[in-house]
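Source file: data30.txt; contents: compact mmCIF, C-alpha atoms.
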# COMPACT_ATOMS: atom_id res chain seq x y z
CA MET A 1 0.00 0.00 0.00
CA ALA A 2 1.30 3.42 -0.93
CA ASP A 3 1.74 5.90 1.87
CA GLU A 4 -1.03 8.43 2.23
CA VAL A 5 0.50 11.69 3.41
CA LYS A 6 -1.52 14.84 3.97
CA LEU A 7 -0.27 18.15 5.29
CA TYR A 8 -2.82 20.57 6.72
CA GLY A 9 -1.63 24.16 6.65
CA PHE A 10 -1.58 27.48 4.91
CA GLU A 11 1.09 28.90 2.72
CA GLU A 12 2.12 31.93 4.79
CA SER A 13 3.01 29.86 7.89
CA PRO A 14 6.73 29.38 8.55
CA PHE A 15 5.89 26.38 10.73
CA VAL A 16 4.04 24.69 7.87
CA CYS A 17 6.91 25.55 5.55
CA ARG A 18 9.35 23.67 7.78
CA VAL A 19 7.41 20.47 7.14
CA LYS A 20 7.21 21.12 3.40
CA ILE A 21 10.98 21.58 3.22
CA ALA A 22 11.68 18.31 5.05
CA MET A 23 9.30 16.44 2.76
CA ASN A 24 10.71 18.02 -0.39
CA LEU A 25 14.25 17.23 0.76
CA LYS A 26 13.31 13.58 1.15
CA GLY A 27 11.19 13.44 -1.98
CA ILE A 28 8.02 12.49 -0.07
CA LYS A 29 4.83 12.97 -2.07
CA TYR A 30 1.98 14.57 -0.13
CA ASP A 31 -1.32 16.35 -0.50
CA PHE A 32 -1.50 19.87 0.85
CA VAL A 33 -4.83 20.66 2.49
CA VAL A 34 -5.32 24.41 2.80
CA GLU A 35 -6.74 25.53 6.15
CA ASN A 36 -8.53 28.80 6.69
CA LEU A 37 -7.70 29.92 10.22
CA SER A 38 -10.81 32.04 10.53
CA ASN A 39 -12.92 28.97 9.75
CA LYS A 40 -10.99 25.89 10.84
CA SER A 41 -12.04 22.58 9.33
CA ALA A 42 -13.62 19.82 11.38
CA ASP A 43 -10.64 17.64 10.39
CA LEU A 44 -8.12 20.09 11.87
CA ILE A 45 -10.02 20.29 15.16
CA ARG A 46 -10.32 16.51 15.31
CA TYR A 47 -6.66 15.93 14.47
CA ASN A 48 -5.24 18.60 16.78
CA PRO A 49 -7.87 19.13 19.50
CA ILE A 50 -5.43 20.71 21.95
CA TYR A 51 -3.89 23.46 19.84
CA LYS A 52 -6.23 23.47 16.82
CA LYS A 53 -3.22 24.74 14.89
CA VAL A 54 -1.35 23.90 11.73
CA PRO A 55 0.82 22.20 10.67
CA VAL A 56 -0.78 18.81 11.11
CA LEU A 57 0.68 15.87 9.20
CA VAL A 58 -1.59 12.88 8.67
CA HIS A 59 0.30 9.76 7.66
CA ASN A 60 -1.87 6.74 6.77
CA GLY A 61 -4.59 8.16 9.02
CA ASN A 62 -2.31 8.97 12.00
CA PRO A 63 -2.22 12.69 12.87
CA ILE A 64 0.92 14.40 14.20
CA SER A 65 1.04 18.01 15.42
CA GLU A 66 3.75 20.53 16.33
CA SER A 67 6.34 21.26 13.67
CA LEU A 68 9.41 19.99 15.56
CA VAL A 69 7.61 16.76 16.46
CA ILE A 70 6.57 16.34 12.82
CA LEU A 71 10.14 16.91 11.60
CA GLU A 72 11.47 14.21 13.93
CA TYR A 73 8.68 11.86 12.82
CA ILE A 74 9.49 12.43 9.15
CA ASP A 75 13.15 11.67 9.83
CA ASP A 76 12.22 8.52 11.78
CA VAL A 77 9.96 7.17 9.01
CA TRP A 78 11.77 8.27 5.85
CA ARG A 79 15.44 7.64 6.53
CA GLU A 80 16.87 8.82 3.19
CA VAL A 81 18.44 12.31 3.27
CA PRO A 82 18.60 12.47 7.08
CA ILE A 83 17.89 15.81 8.75
CA LEU A 84 19.30 14.75 12.11
CA PRO A 85 22.90 13.65 12.69
CA HIS A 86 23.51 9.93 13.29
CA ASP A 87 25.40 10.27 16.56
CA ALA A 88 23.62 10.92 19.83
CA TYR A 89 25.59 14.05 20.70
CA GLY A 90 25.07 15.56 17.25
CA LYS A 91 21.35 14.83 17.60
CA ALA A 92 21.26 16.50 21.02
CA GLN A 93 22.99 19.60 19.71
CA ALA A 94 20.62 19.86 16.74
CA ARG A 95 17.61 19.47 19.06
CA PHE A 96 19.02 22.10 21.40
CA TRP A 97 19.40 24.67 18.62
CA ALA A 98 16.03 23.87 17.06
CA LYS A 99 14.41 24.37 20.47
CA PHE A 100 16.39 27.58 21.01
CA ILE A 101 15.13 29.01 17.72
CA TYR A 102 11.56 28.03 18.57
CA ASP A 103 11.44 29.01 22.25
CA LYS A 104 13.78 31.92 22.46
CA CYS A 105 15.11 33.41 19.23
CA SER A 106 11.99 33.68 17.03
CA PRO A 107 9.81 35.13 19.83
CA ALA A 108 12.55 37.70 20.58
CA LEU A 109 12.67 38.72 16.90
CA MET A 110 8.91 39.12 16.68
CA LYS A 111 8.87 41.08 19.94
CA ALA A 112 11.54 43.49 18.67
CA ILE A 113 9.65 44.05 15.44
CA GLY A 114 6.21 44.11 17.07
CA SER A 115 7.44 46.71 19.58
CA ARG A 116 8.49 48.90 16.60
CA GLY A 117 12.11 48.71 17.59
CA GLN A 118 11.87 49.34 21.33
CA LYS A 119 15.50 49.53 22.52
CA GLN A 120 15.51 46.69 25.04
CA ALA A 121 13.58 44.35 22.74
CA VAL A 122 16.05 45.03 19.90
CA ALA A 123 19.00 44.39 22.23
CA GLU A 124 17.42 41.09 23.26
CA ALA A 125 16.82 40.09 19.62
CA ASN A 126 20.41 40.98 18.74
CA GLU A 127 21.66 38.85 21.61
CA GLN A 128 19.78 35.82 20.28
CA LEU A 129 20.95 36.37 16.70
CA ARG A 130 24.49 36.68 18.03
CA PHE A 131 24.29 33.13 19.44
CA LEU A 132 23.39 31.81 15.96
CA GLU A 133 26.11 33.93 14.30
CA ASN A 134 28.66 32.52 16.75
CA GLU A 135 27.48 28.98 16.16
CA LEU A 136 28.04 29.36 12.40
CA ASN A 137 31.46 30.87 13.10
CA VAL A 138 32.43 28.01 15.40
CA LYS A 139 31.21 25.36 12.93
CA GLY A 140 32.82 27.11 9.95
CA THR A 141 30.34 25.43 7.61
CA VAL A 142 27.82 26.76 5.08
CA PHE A 143 24.84 25.36 6.99
CA PHE A 144 24.07 24.64 10.63
CA GLY A 145 23.95 21.03 9.46
CA GLY A 146 27.46 21.23 7.92
CA ASP A 147 27.63 20.75 4.14
CA ASN A 148 23.95 19.88 4.05
CA ILE A 149 20.93 21.41 5.71
CA ASN A 150 19.55 19.75 8.82
CA LEU A 151 16.89 20.20 11.51
CA VAL A 152 18.49 23.46 12.71
CA ASP A 153 18.53 25.08 9.27
CA ILE A 154 14.93 24.02 8.69
CA SER A 155 13.93 25.40 12.10
CA ALA A 156 15.53 28.71 11.18
CA THR A 157 13.50 29.11 7.95
CA PHE A 158 11.68 32.02 9.58
CA ILE A 159 14.98 33.88 9.97
CA ALA A 160 16.11 33.20 6.41
CA PHE A 161 12.89 34.23 4.70
CA TRP A 162 10.07 35.61 6.86
CA LEU A 163 12.22 37.98 8.90
CA GLY A 164 13.22 40.07 5.87
CA ALA A 165 9.57 40.62 4.95
CA ALA A 166 8.70 41.49 8.57
CA GLU A 167 11.60 43.96 8.61
CA GLU A 168 10.43 45.56 5.38
CA ALA A 169 6.82 45.82 6.54
CA SER A 170 7.76 47.26 9.94
CA GLY A 171 10.76 49.38 8.96
CA ILE A 172 12.78 47.74 11.75
CA LYS A 173 16.02 46.15 10.52
CA LEU A 174 17.57 43.48 12.74
CA LEU A 175 19.55 41.06 10.58
CA THR A 176 22.18 43.37 9.10
CA GLU A 177 25.24 42.23 7.18
CA ASP A 178 27.62 44.30 9.28
CA LYS A 179 26.48 42.71 12.53
CA PHE A 180 25.67 39.20 11.34
CA PRO A 181 27.63 38.47 8.15
CA LYS A 182 27.64 34.69 8.58
CA LEU A 183 23.93 34.52 9.29
CA VAL A 184 23.09 36.69 6.28
CA GLU A 185 25.29 34.51 4.06
CA TRP A 186 23.71 31.37 5.52
CA GLY A 187 20.21 32.72 4.78
CA ASP A 188 21.11 33.47 1.16
CA ASN A 189 22.56 30.01 0.65
CA TYR A 190 19.69 28.35 2.46
CA ILE A 191 16.80 29.88 0.55
CA ASN A 192 18.58 29.03 -2.68
CA CYS A 193 18.62 25.29 -1.94
CA GLN A 194 16.18 23.72 -4.37
CA ALA A 195 14.07 21.91 -1.74
CA VAL A 196 13.75 25.14 0.22
CA LYS A 197 13.06 27.35 -2.78
CA ASP A 198 10.33 24.96 -3.93
CA SER A 199 8.65 25.14 -0.50
CA LEU A 200 8.61 28.89 0.14
CA PRO A 201 5.48 30.98 -0.42
CA PRO A 202 5.69 34.00 -2.74
CA ARG A 203 7.48 36.81 -0.91
CA GLU A 204 4.66 39.23 -1.77
CA LEU A 205 2.22 37.06 0.16
CA VAL A 206 4.38 37.13 3.29
CA LEU A 207 5.04 40.85 2.93
CA SER A 208 1.33 41.56 2.59
CA PHE A 209 0.66 39.41 5.70
CA PHE A 210 3.11 41.48 7.76
CA LYS A 211 1.87 44.79 6.32
CA LYS A 212 -1.63 43.90 7.52
CA LEU A 213 -0.22 42.85 10.88
CA PHE A 214 1.53 46.18 11.29
CA GLY A 215 -1.43 48.14 9.97
CA LYS A 216 0.42 49.36 6.89
CA ALA A 217 -1.72 47.76 4.21
CA MET B 218 37.16 3.77 29.47
CA ALA B 219 34.29 4.11 31.89
CA ASP B 220 31.72 6.77 31.12
CA GLU B 221 32.10 9.99 33.07
CA VAL B 222 28.64 11.39 33.72
CA LYS B 223 28.03 14.57 35.67
CA LEU B 224 24.69 16.24 36.32
CA TYR B 225 24.71 19.90 37.31
CA GLY B 226 21.61 20.92 39.21
CA PHE B 227 19.92 21.53 42.51
CA GLU B 228 17.60 19.25 44.36
CA GLU B 229 14.43 21.37 44.32
CA SER B 230 14.31 21.63 40.51
CA PRO B 231 11.68 19.46 38.80
CA PHE B 232 13.64 19.75 35.54
CA VAL B 233 16.78 18.37 37.17
CA CYS B 234 14.69 15.63 38.77
CA ARG B 235 13.51 14.47 35.32
CA VAL B 236 17.10 13.71 34.39
CA LYS B 237 17.77 11.93 37.68
CA ILE B 238 14.73 9.70 37.15
CA ALA B 239 15.81 8.70 33.63
CA MET B 240 19.32 7.90 34.87
CA ASN B 241 18.06 5.93 37.85
CA LEU B 242 15.65 3.97 35.63
CA LYS B 243 18.53 2.97 33.40
CA GLY B 244 20.97 2.37 36.23
CA ILE B 245 23.42 5.01 35.00
CA LYS B 246 25.99 6.06 37.60
CA TYR B 247 26.60 9.79 37.76
CA ASP B 248 28.03 12.53 39.93
CA PHE B 249 25.63 15.22 41.06
CA VAL B 250 27.20 18.67 41.10
CA VAL B 251 25.14 21.07 43.22
CA GLU B 252 24.65 24.50 41.69
CA ASN B 253 23.80 27.60 43.66
CA LEU B 254 21.62 29.75 41.43
CA SER B 255 22.51 32.95 43.22
CA ASN B 256 26.18 32.25 42.52
CA LYS B 257 26.42 30.15 39.37
CA SER B 258 29.63 28.23 38.80
CA ALA B 259 32.02 29.06 35.97
CA ASP B 260 31.42 25.50 34.71
CA LEU B 261 27.67 26.04 34.42
CA ILE B 262 28.13 29.29 32.49
CA ARG B 263 30.67 27.66 30.21
CA TYR B 264 28.56 24.57 29.59
CA ASN B 265 25.25 26.41 29.05
CA PRO B 266 26.19 29.94 27.95
CA ILE B 267 22.77 30.68 26.41
CA TYR B 268 20.45 29.85 29.28
CA LYS B 269 22.90 29.53 32.18
CA LYS B 270 20.38 27.13 33.66
CA VAL B 271 20.30 23.65 35.12
CA PRO B 272 20.04 20.81 34.36
CA VAL B 273 23.23 20.36 32.40
CA LEU B 274 24.45 16.83 31.74
CA VAL B 275 28.13 16.43 30.93
CA HIS B 276 28.95 13.07 29.36
CA ASN B 277 32.63 12.38 28.76
CA GLY B 278 33.21 16.12 28.59
CA ASN B 279 30.28 16.88 26.25
CA PRO B 280 27.67 19.21 27.77
CA ILE B 281 23.95 18.90 26.99
CA SER B 282 21.31 21.38 28.18
CA GLU B 283 17.50 21.49 28.30
CA SER B 284 15.78 18.66 30.15
CA LEU B 285 13.85 17.23 27.18
CA VAL B 286 16.98 17.27 25.00
CA ILE B 287 18.90 15.54 27.80
CA LEU B 288 16.21 12.85 28.19
CA GLU B 289 16.34 12.05 24.46
CA TYR B 290 20.15 11.96 24.61
CA ILE B 291 20.10 9.56 27.54
CA ASP B 292 17.71 7.29 25.67
CA ASP B 293 19.87 7.43 22.53
CA VAL B 294 23.07 6.52 24.40
CA TRP B 295 21.84 4.07 27.03
CA ARG B 296 19.34 1.86 25.20
CA GLU B 297 18.37 -0.43 28.12
CA VAL B 298 15.01 0.39 29.74
CA PRO B 299 13.83 2.64 26.90
CA ILE B 300 11.87 5.76 27.79
CA LEU B 301 10.66 6.36 24.23
CA PRO B 302 8.53 3.90 22.24
CA HIS B 303 10.25 2.00 19.43
CA ASP B 304 7.84 2.93 16.67
CA ALA B 305 7.94 6.32 14.97
CA TYR B 306 4.31 7.18 15.69
CA GLY B 307 4.59 6.22 19.37
CA LYS B 308 7.73 8.38 19.59
CA ALA B 309 5.90 11.32 17.99
CA GLN B 310 3.00 11.02 20.41
CA ALA B 311 5.34 10.86 23.42
CA ARG B 312 7.23 13.91 22.16
CA PHE B 313 3.96 15.76 21.59
CA TRP B 314 2.77 15.16 25.16
CA ALA B 315 6.14 15.94 26.71
CA LYS B 316 6.18 19.22 24.80
CA PHE B 317 2.57 19.94 25.82
CA ILE B 318 3.44 19.47 29.48
CA TYR B 319 6.49 21.72 29.15
CA ASP B 320 5.04 24.50 26.95
CA LYS B 321 1.43 24.62 27.94
CA CYS B 322 0.33 22.62 30.97
CA SER B 323 3.00 23.39 33.59
CA PRO B 324 3.02 27.16 32.85
CA ALA B 325 -0.81 27.18 33.13
CA LEU B 326 -0.62 25.42 36.51
CA MET B 327 1.96 27.85 37.85
CA LYS B 328 -0.05 30.79 36.56
CA ALA B 329 -3.21 29.58 38.30
CA ILE B 330 -1.35 29.12 41.56
CA GLY B 331 0.73 32.29 41.21
CA SER B 332 -2.43 34.31 40.55
CA ARG B 333 -3.81 32.98 43.86
CA GLY B 334 -6.64 31.19 42.10
CA GLN B 335 -7.78 33.90 39.67
CA LYS B 336 -10.86 32.43 37.97
CA GLN B 337 -9.73 32.51 34.35
CA ALA B 338 -6.26 31.16 35.18
CA VAL B 339 -7.81 28.27 37.14
CA ALA B 340 -10.17 27.49 34.25
CA GLU B 341 -7.19 27.44 31.89
CA ALA B 342 -5.22 25.14 34.22
CA ASN B 343 -8.21 22.81 34.53
CA GLU B 344 -8.53 22.66 30.76
CA GLN B 345 -4.90 21.53 30.43
CA LEU B 346 -5.21 18.95 33.20
CA ARG B 347 -8.37 17.66 31.50
CA PHE B 348 -6.34 16.86 28.36
CA LEU B 349 -4.00 14.69 30.44
CA GLU B 350 -6.92 13.06 32.31
CA ASN B 351 -8.53 12.21 28.95
CA GLU B 352 -5.30 10.82 27.59
CA LEU B 353 -5.02 8.42 30.55
CA ASN B 354 -8.66 7.44 30.06
CA VAL B 355 -8.16 6.77 26.36
CA LYS B 356 -5.00 4.74 26.98
CA GLY B 357 -6.55 2.85 29.90
CA THR B 358 -3.08 2.14 31.29
CA VAL B 359 -1.42 2.88 34.63
CA PHE B 360 1.18 5.19 33.10
CA PHE B 361 1.30 7.46 30.08
CA GLY B 362 3.93 5.02 28.84
CA GLY B 363 1.60 2.01 29.28
CA ASP B 364 2.70 -0.59 31.85
CA ASN B 365 5.99 1.23 32.30
CA ILE B 366 6.87 4.87 32.70
CA ASN B 367 8.15 6.76 29.68
CA LEU B 368 9.17 10.24 28.55
CA VAL B 369 5.65 11.61 29.17
CA ASP B 370 5.47 10.34 32.74
CA ILE B 371 8.93 11.71 33.45
CA SER B 372 7.97 15.06 31.92
CA ALA B 373 4.95 15.18 34.22
CA THR B 374 6.98 14.73 37.42
CA PHE B 375 6.12 18.31 38.36
CA ILE B 376 2.40 17.41 38.35
CA ALA B 377 2.88 14.24 40.39
CA PHE B 378 5.05 15.75 43.11
CA TRP B 379 5.75 19.50 42.96
CA LEU B 380 2.18 20.57 42.29
CA GLY B 381 0.86 19.17 45.61
CA ALA B 382 3.44 21.19 47.54
CA ALA B 383 2.65 24.33 45.51
CA GLU B 384 -1.05 23.79 46.23
CA GLU B 385 -0.38 23.39 49.93
CA ALA B 386 1.84 26.47 50.12
CA SER B 387 -0.60 28.65 48.16
CA GLY B 388 -3.90 27.26 49.42
CA ILE B 389 -5.06 26.82 45.79
CA LYS B 390 -6.15 23.26 44.99
CA LEU B 391 -6.18 22.28 41.31
CA LEU B 392 -5.59 18.54 41.02
CA THR B 393 -8.64 17.18 42.88
CA GLU B 394 -9.71 13.55 42.91
CA ASP B 395 -13.29 14.33 41.93
CA LYS B 396 -12.25 16.20 38.79
CA PHE B 397 -9.15 14.23 37.81
CA PRO B 398 -9.38 10.72 39.33
CA LYS B 399 -7.10 9.07 36.74
CA LEU B 400 -4.44 11.71 37.02
CA VAL B 401 -4.43 11.56 40.83
CA GLU B 402 -4.14 7.77 40.67
CA TRP B 403 -1.38 8.05 38.07
CA GLY B 404 0.55 10.47 40.32
CA ASP B 405 0.31 8.11 43.30
CA ASN B 406 1.54 5.16 41.26
CA TYR B 407 4.24 7.20 39.62
CA ILE B 408 5.90 8.64 42.70
CA ASN B 409 5.92 5.16 44.21
CA CYS B 410 8.04 3.71 41.41
CA GLN B 411 11.43 2.98 42.93
CA ALA B 412 13.46 4.96 40.38
CA VAL B 413 11.20 7.96 40.87
CA LYS B 414 11.07 7.72 44.66
CA ASP B 415 14.87 7.54 44.79
CA SER B 416 15.14 10.72 42.70
CA LEU B 417 12.68 13.02 44.45
CA PRO B 418 13.83 15.69 46.91
CA PRO B 419 12.36 15.69 50.44
CA ARG B 420 8.80 17.07 50.27
CA GLU B 421 9.60 19.55 53.07
CA LEU B 422 12.30 21.13 50.91
CA VAL B 423 9.88 21.69 48.02
CA LEU B 424 7.16 22.93 50.35
CA SER B 425 9.53 25.39 51.95
CA PHE B 426 10.62 26.60 48.47
CA PHE B 427 7.00 27.35 47.51
CA LYS B 428 6.21 28.92 50.90
CA LYS B 429 9.06 31.35 50.34
CA LEU B 430 7.84 31.97 46.78
CA PHE B 431 4.35 32.79 48.03
CA GLY B 432 5.63 34.85 50.96
CA LYS B 433 4.28 32.46 53.57
CA ALA B 434 7.53 31.37 55.20
Can you dump the structure from the file as structure tokens?
Amino acid sequence: MADEVKLYGFEESPFVCRVKIAMNLKGIKYDFVVENLSNKSADLIRYNPIYKKVPVLVHNGNPISESLVILEYIDDVWREVPILPHDAYGKAQARFWAKFIYDKCSPALMKAIGSRGQKQAVAEANEQLRFLENELNVKGTVFFGGDNINLVDISATFIAFWLGAAEEASGIKLLTEDKFPKLVEWGDNYINCQAVKDSLPPRELVLSFFKKLFGKA
Amino acid sequence: MADEVKLYGFEESPFVCRVKIAMNLKGIKYDFVVENLSNKSADLIRYNPIYKKVPVLVHNGNPISESLVILEYIDDVWREVPILPHDAYGKAQARFWAKFIYDKCSPALMKAIGSRGQKQAVAEANEQLRFLENELNVKGTVFFGGDNINLVDISATFIAFWLGAAEEASGIKLLTEDKFPKLVEWGDNYINCQAVKDSLPPRELVLSFFKKLFGKA
């Protein structure tokens, strides 16, 4: 029996995009079911009754929620083109950074932008970006995953693609080449990987989303 | 060469206790290095420069931070007495619940207690506990892990042990037998498992911590 793989989401979501990237990397065929967040489907509520959020991956009828959980599941089931290192310590480090981006870095970036550049919020965002810049410096590789992208790169999709649109819409610039040269270079390389490029929404769509959010549309 | 395993922490921390339980379950020998949070050691800051928090596990010189990342690492390295299911979907479900307890449930419980029982915060906490009660009902097993404790049970150590002391110190009761009979029964069974019992701090210590927190000591 062929695998039945459905991804519930909407195009503008960076969390949904993470899952798309992992599936494109591994060449997994899937159906994309578009959710309308102002009128959530009965399926979404049934599959993710706690959060009622996308992404939800449904594999042969089994629903999985939360983007980082889905990414690990995908790597457990489809072993080709691994997105986690093989060794336990490498895995732990990748999980640490993915969690850092989710828990700490991305919220700090959105807070700095949402606050319209309030000084303390910007300092906090810069501090978090600095940790990622340092990590790339220490590794000395193109990607957080080394020569190839891994869980950490995928987790940082927001920084590589969404952040620029949020900066443009808000007029608050955080990720500058003078402060974070490695991270800027990483972002350019990352969004030009074929599996990533094929998964990203049109930039105009993301820009328009942020313009509405910041009351500029 | 024998493994050198060090755990940096302090006894009252439920996050540190999670790691102790996993190591005791698996029979891993380790040194416990007591940290004083008002005067953090140079080692702690070096090993966990981003959060400067415990627990930190150092295995043969390699530091790992964040309790859920540490638990996965322990299960990857020491395969006896697994704390994650073998199958990919079981793993995903365990990771989902562990994340839910960390991100959503425990903060809601602390908010309800910290707010001294503010109505909306209590309703929110009850809603989260209800999800766990339902999950135990659906599974129909003694533990979230089935017949044996797993990552989810370990993640919920706060609910089984710390919460009662926080309730006593604050006078706000959340986990009542009439509302959450399965969860209360689970907690009793869980803290009586030998590996758990051997890892818990004295109840008086936790009670005194919360009494200080709530200004009642």
Note to self: As an exercise, work out the distance from CA of Ser284 (chain B) to CA of Glu384 (chain B) in Å and give it to one decimal place.
What the structure shows: 23.8 Å
Can you tell me, as a CSV table (one decimal) with C-alpha atoms, in the coordinates of the input, what residues are no more than 7 Å from region 157-162 of chain A when counting all atoms listed in the file, ignoring any on the same chain fewer than 3 positions away?
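Written out: around09.csv:
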chain,number,residue,atom,x,y,z
A,14,PRO,CA,6.7,29.4,8.6
A,18,ARG,CA,9.4,23.7,7.8
A,153,ASP,CA,18.5,25.1,9.3
A,154,ILE,CA,14.9,24.0,8.7
A,165,ALA,CA,9.6,40.6,5.0
A,166,ALA,CA,8.7,41.5,8.6
A,187,GLY,CA,20.2,32.7,4.8
A,191,ILE,CA,16.8,29.9,0.6
A,206,VAL,CA,4.4,37.1,3.3
Checklist line | Within 12 Å of file point (-7.9, 18.0, 9.7), counting all atoms listed in the file, expressed as a ChimeraX atom specification | finding: /A:6-9,32-37,40-49,52-59,61-65
Next item on the list: Taking only C-alpha atoms into account, report as a list of chain:residue names which residues of chain A lie within 6 Å of chain B.
Entry: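 Per the criterion, chain A yields A:Val69, A:Tyr73, A:Asp76, A:Ala88, A:Ala92.
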For those residues, write C-alpha atoms to a file as a short mmCIF file (atom, residue, chain, number, x, y, z; two decimals), in the frame of the given file.
data_model
loop_
_atom_site.label_atom_id
_atom_site.label_comp_id
_atom_site.auth_asym_id
_atom_site.auth_seq_id
_atom_site.Cartn_x
_atom_site.Cartn_y
_atom_site.Cartn_z
CA VAL A 69 7.61 16.76 16.46
CA TYR A 73 8.68 11.86 12.82
CA ASP A 76 12.22 8.52 11.78
CA ALA A 88 23.62 10.92 19.83
CA ALA A 92 21.26 16.50 21.02
#
Next item on the list: Have a look at B:Ser323, B:Val222, B:Gly381, B:Trp403 and name the one nearest to Arg420 (chain B); count all atoms listed in the file.
Entry: B:Gly381
Checklist line | Within 8 Å of Ile172 (chain A) using all atoms listed in the file, minus same-chain residues under 5 positions, as a list in words | finding: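 Skipping anything fewer than 5 positions along the chain leaves Ile113, Arg116, Gly117 and Glu167 of chain A.
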Produce the centre coordinates and the three edge lengths, each in Å to one decimal, of the box along x, y and z that contains all listed atoms of region 197-212 of chain A with 4 Å added on each side, as JSON.
{"center_x": 5.7, "center_y": 34.9, "center_z": 1.9, "size_x": 22.7, "size_y": 27.8, "size_z": 19.7}
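Among the candidates B:Lys243, B:Val233, B:Ile318, B:Phe431, the residue lying nearest to Gln411 (chain B) is B:Lys243 (atoms considered: only C-alpha atoms).
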Checklist line | Length of the CA of Ile300 (chain B) to CA of Thr358 (chain B) vector [Å] | finding: 15.8 Å
Next item on the list: Kindly give the distance, in Å, that separates CA of Ala2 (chain A) and CA of Ile21 (chain A), rounded to a single decimal.
Entry: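 Rounded to one decimal, the two atoms are 21.0 Å apart.
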Check: Leaving out Leu132 (chain A) and any residue of its chain fewer than 3 positions from it, which residues lie within 10 Å of it when counting only C-alpha atoms, given as a list in words?
Finding: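 Final neighbour list, sorted by chain and number: Trp97, Phe100, Ile101, Cys105, Glu127, Gln128, Leu129, Glu135, Leu136, Asn137, Val138, Phe144, Ala156, Phe180, Lys182 and Leu183 of chain A.
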Check: Excluding same-chain residues fewer than 6 positions from Lys211 (chain A), what lies within 10 Å of it counting all atoms listed in the file, as a PyMOL selection string?
Finding: chain A and resi 165-166+168-170+205+217
